[in-house]
Amino acid sequence: NMKGAIMKLGQMVSFIADGLPEEARAALQSLQQDVPPMAPSLAEQVVREQLGGDPEHLFLDWDPVPVAAASIGQVHKAVLHDGREVAVKVQYPGVGKAIKHDLDNAEMLYAMFSAVALKGLDVHALVDELRDRMYDELDYTLEAGCQTEFWERYRDHPFIRIPKVIPELSAEKVLTTEWVDGIGWTEFEALATDEQRQRAAEVVFRFAQGSVHEHRVFNGDPHPGNYRFHEDGSVTFFDFGLVKRWGEDEFDKLIPILDLVLDRDAEGTVAAM
């Protein structure tokens, strides 16, 4: 029931904790779904403080009931005065202070990850990287910039979609983007044919790895709640609050390791890593 850093950690653990008992994995996987939202009046207060007006005036239509809720904020559906449907992500009041308090307690985070992480995982390095990136995630203006970069790279792509940011209705704790229909992970898993699954897997792989190899960036929050699948086989990707960037020297160090992996040279891979 905790939000903030602890929920974010739980989401990450939910898709790396293969060694946990089934009951524990099922509990953690529930974090990939929506969580209890904040009261409508609180969300409206954040919008008012950040954008300088009531949601009912800023938007032609504003739904006070959120369509999704996650670890740091929740999403409301709205309509702009020009008729476009948008998604408005609103940060929970006080969550930034709570997250900073959690992240400052590094020893607690090391202990939590050590209890559930795969053997051989460098827990200290993982937690330290996560702490740096999560501080970034609290500022939606940084996320808006990252999402706009991804949108510009992929705006004409045949099967990768990124929602466009509406900058005039975005701020540090409010992010407004194009609305995207589509089905979520759980529904897709239940209904998709094998051919649709194969295509979706390739799209996800090409987006994640292509961004790294072609642009030296990685969307570091790739849990299943951040995908929407479409009938034409394309996939929309959400949430660019956690973006990792590599310098050329840093990236070049990875290439020899990947070559050894492809050569199935286990000893060489371990030595290179």
# chains A, B, ... in the order shown; residues from 1 in each chain; ligands from 1
$ residues_around --residues "range 171-176 of chain A" --least-positions-apart "2" --cutoff "9 Å" --atoms "only C-alpha atoms" --output "PDB file with N, CA and C atoms, in the first residue's frame"
ATOM      1  N   VAL A  46      -3.419  20.316  -7.016  1.00  0.00           N
ATOM      2  CA  VAL A  46      -2.088  20.284  -7.630  1.00  0.00           C
ATOM      3  C   VAL A  46      -2.132  20.977  -8.999  1.00  0.00           C
ATOM      4  N   VAL A  47      -3.153  20.688  -9.797  1.00  0.00           N
ATOM      5  CA  VAL A  47      -3.296  21.325 -11.110  1.00  0.00           C
ATOM      6  C   VAL A  47      -3.403  22.843 -10.950  1.00  0.00           C
ATOM      7  N   GLN A  50      -0.005  24.326  -9.997  1.00  0.00           N
ATOM      8  CA  GLN A  50       1.031  24.187 -11.016  1.00  0.00           C
ATOM      9  C   GLN A  50       0.721  24.948 -12.304  1.00  0.00           C
ATOM     10  N   LEU A  51      -0.552  24.987 -12.692  1.00  0.00           N
ATOM     11  CA  LEU A  51      -0.916  25.577 -13.981  1.00  0.00           C
ATOM     12  C   LEU A  51      -1.665  26.895 -13.863  1.00  0.00           C
ATOM     13  N   GLY A  73       2.347   9.351  -9.251  1.00  0.00           N
ATOM     14  CA  GLY A  73       1.227  10.191  -9.633  1.00  0.00           C
ATOM     15  C   GLY A  73       0.111   9.389 -10.264  1.00  0.00           C
ATOM     16  N   VAL A  86      -6.661  14.337 -24.081  1.00  0.00           N
ATOM     17  CA  VAL A  86      -5.322  14.308 -23.502  1.00  0.00           C
ATOM     18  C   VAL A  86      -5.324  13.499 -22.203  1.00  0.00           C
ATOM     19  N   ALA A  87      -4.126  13.062 -21.821  1.00  0.00           N
ATOM     20  CA  ALA A  87      -3.880  12.423 -20.528  1.00  0.00           C
ATOM     21  C   ALA A  87      -3.112  13.411 -19.668  1.00  0.00           C
ATOM     22  N   VAL A  88      -3.584  13.633 -18.443  1.00  0.00           N
ATOM     23  CA  VAL A  88      -2.949  14.589 -17.533  1.00  0.00           C
ATOM     24  C   VAL A  88      -2.425  13.831 -16.313  1.00  0.00           C
ATOM     25  N   LYS A  89      -1.102  13.747 -16.219  1.00  0.00           N
ATOM     26  CA  LYS A  89      -0.486  13.060 -15.077  1.00  0.00           C
ATOM     27  C   LYS A  89      -0.227  14.068 -13.968  1.00  0.00           C
ATOM     28  N   VAL A  90      -0.749  13.768 -12.779  1.00  0.00           N
ATOM     29  CA  VAL A  90      -0.678  14.680 -11.639  1.00  0.00           C
ATOM     30  C   VAL A  90       0.086  13.997 -10.510  1.00  0.00           C
ATOM     31  N   GLN A  91       1.093  14.662 -10.009  1.00  0.00           N
ATOM     32  CA  GLN A  91       1.925  14.088  -8.940  1.00  0.00           C
ATOM     33  C   GLN A  91       1.217  14.183  -7.590  1.00  0.00           C
ATOM     34  N   TYR A  92       1.345  13.110  -6.782  1.00  0.00           N
ATOM     35  CA  TYR A  92       0.737  13.124  -5.449  1.00  0.00           C
ATOM     36  C   TYR A  92       1.366  14.233  -4.594  1.00  0.00           C
ATOM     37  N   PRO A  93       0.554  15.010  -3.863  1.00  0.00           N
ATOM     38  CA  PRO A  93       1.119  16.031  -2.966  1.00  0.00           C
ATOM     39  C   PRO A  93       2.006  15.379  -1.904  1.00  0.00           C
ATOM     40  N   LEU A 138      11.043  12.965 -10.252  1.00  0.00           N
ATOM     41  CA  LEU A 138      10.125  13.834  -9.520  1.00  0.00           C
ATOM     42  C   LEU A 138       9.829  15.132 -10.258  1.00  0.00           C
ATOM     43  N   ASP A 139      10.644  15.480 -11.246  1.00  0.00           N
ATOM     44  CA  ASP A 139      10.460  16.721 -12.000  1.00  0.00           C
ATOM     45  C   ASP A 139       9.866  16.389 -13.363  1.00  0.00           C
ATOM     46  N   TYR A 140       8.570  16.662 -13.533  1.00  0.00           N
ATOM     47  CA  TYR A 140       7.904  16.317 -14.788  1.00  0.00           C
ATOM     48  C   TYR A 140       8.390  17.170 -15.964  1.00  0.00           C
ATOM     49  N   THR A 141       9.038  18.304 -15.693  1.00  0.00           N
ATOM     50  CA  THR A 141       9.585  19.073 -16.807  1.00  0.00           C
ATOM     51  C   THR A 141      10.733  18.311 -17.461  1.00  0.00           C
ATOM     52  N   LEU A 142      11.526  17.585 -16.652  1.00  0.00           N
ATOM     53  CA  LEU A 142      12.581  16.733 -17.215  1.00  0.00           C
ATOM     54  C   LEU A 142      11.959  15.602 -18.030  1.00  0.00           C
ATOM     55  N   GLU A 143      10.891  14.996 -17.490  1.00  0.00           N
ATOM     56  CA  GLU A 143      10.207  13.930 -18.215  1.00  0.00           C
ATOM     57  C   GLU A 143       9.625  14.441 -19.528  1.00  0.00           C
ATOM     58  N   ALA A 144       9.038  15.638 -19.491  1.00  0.00           N
ATOM     59  CA  ALA A 144       8.471  16.210 -20.720  1.00  0.00           C
ATOM     60  C   ALA A 144       9.549  16.380 -21.780  1.00  0.00           C
ATOM     61  N   LYS A 164       2.598  12.687 -27.807  1.00  0.00           N
ATOM     62  CA  LYS A 164       3.176  14.028 -27.868  1.00  0.00           C
ATOM     63  C   LYS A 164       2.855  14.814 -26.594  1.00  0.00           C
ATOM     64  N   VAL A 165       3.838  15.527 -26.079  1.00  0.00           N
ATOM     65  CA  VAL A 165       3.656  16.362 -24.891  1.00  0.00           C
ATOM     66  C   VAL A 165       2.953  17.668 -25.278  1.00  0.00           C
ATOM     67  N   ILE A 166       2.054  18.142 -24.404  1.00  0.00           N
ATOM     68  CA  ILE A 166       1.405  19.450 -24.554  1.00  0.00           C
ATOM     69  C   ILE A 166       2.123  20.398 -23.584  1.00  0.00           C
ATOM     70  N   PRO A 167       3.157  21.116 -24.020  1.00  0.00           N
ATOM     71  CA  PRO A 167       4.022  21.850 -23.084  1.00  0.00           C
ATOM     72  C   PRO A 167       3.316  22.967 -22.327  1.00  0.00           C
ATOM     73  N   GLU A 168       2.342  23.644 -22.958  1.00  0.00           N
ATOM     74  CA  GLU A 168       1.685  24.767 -22.295  1.00  0.00           C
ATOM     75  C   GLU A 168       0.809  24.326 -21.124  1.00  0.00           C
ATOM     76  N   LEU A 169       0.535  23.034 -21.014  1.00  0.00           N
ATOM     77  CA  LEU A 169      -0.249  22.509 -19.897  1.00  0.00           C
ATOM     78  C   LEU A 169       0.560  21.494 -19.090  1.00  0.00           C
ATOM     79  N   GLU A 178      -0.810  13.741 -25.359  1.00  0.00           N
ATOM     80  CA  GLU A 178      -1.880  13.192 -26.183  1.00  0.00           C
ATOM     81  C   GLU A 178      -2.481  11.959 -25.514  1.00  0.00           C
ATOM     82  N   TRP A 179      -3.787  11.785 -25.668  1.00  0.00           N
ATOM     83  CA  TRP A 179      -4.456  10.580 -25.192  1.00  0.00           C
ATOM     84  C   TRP A 179      -4.238   9.439 -26.187  1.00  0.00           C
TER      85      TRP A 179
END
$ select_by_dssp --residues "range 57-111 of chain A" --states "strand (DSSP E or B)" --output "ChimeraX atom specification"
/A:61-62,68-69,73-79,85-91
$ write_last_selection --atoms "C-alpha atoms" --output "mmCIF file, in the first residue's frame"
data_model
loop_
_atom_site.group_PDB
_atom_site.id
_atom_site.type_symbol
_atom_site.label_atom_id
_atom_site.label_comp_id
_atom_site.auth_asym_id
_atom_site.auth_seq_id
_atom_site.Cartn_x
_atom_site.Cartn_y
_atom_site.Cartn_z
ATOM 1 C CA ASP A 61 -13.704 18.697 -20.100
ATOM 2 C CA TRP A 62 -11.972 17.221 -17.033
ATOM 3 C CA ALA A 68 -4.739 5.102 -13.766
ATOM 4 C CA ALA A 69 -2.721 5.508 -10.575
ATOM 5 C CA GLY A 73 1.227 10.191 -9.633
ATOM 6 C CA GLN A 74 -2.086 9.419 -11.302
ATOM 7 C CA VAL A 75 -3.560 10.073 -14.744
ATOM 8 C CA HIS A 76 -6.793 11.916 -15.572
ATOM 9 C CA LYS A 77 -8.480 12.066 -18.956
ATOM 10 C CA ALA A 78 -9.348 15.531 -20.251
ATOM 11 C CA VAL A 79 -10.318 17.352 -23.456
ATOM 12 C CA GLU A 85 -8.262 14.258 -25.899
ATOM 13 C CA VAL A 86 -5.322 14.308 -23.502
ATOM 14 C CA ALA A 87 -3.880 12.423 -20.528
ATOM 15 C CA VAL A 88 -2.949 14.589 -17.533
ATOM 16 C CA LYS A 89 -0.486 13.060 -15.077
ATOM 17 C CA VAL A 90 -0.678 14.680 -11.639
ATOM 18 C CA GLN A 91 1.925 14.088 -8.940
#
$ residues_around --residues "range 236-253 of chain A" --least-positions-apart "5" --cutoff "6 Å" --atoms "only C-alpha atoms" --output "number ranges by chain"
A: 133, 137, 143, 147, 161-162, 216-221, 226-228
$ closest_residue --among "A:His124, A:His230, A:His223, A:Arg153" --to "Gly10 in chain A" --atoms "only C-alpha atoms"
A:His223
$ atom_distance --atom1 "CA of Glu152 in chain A" --atom2 "CA of Leu58 in chain A"
26.1 Å
$ atom_distance --atom1 "CA of Ser41 in chain A" --atom2 "CA of Ile72 in chain A"
17.0 Å
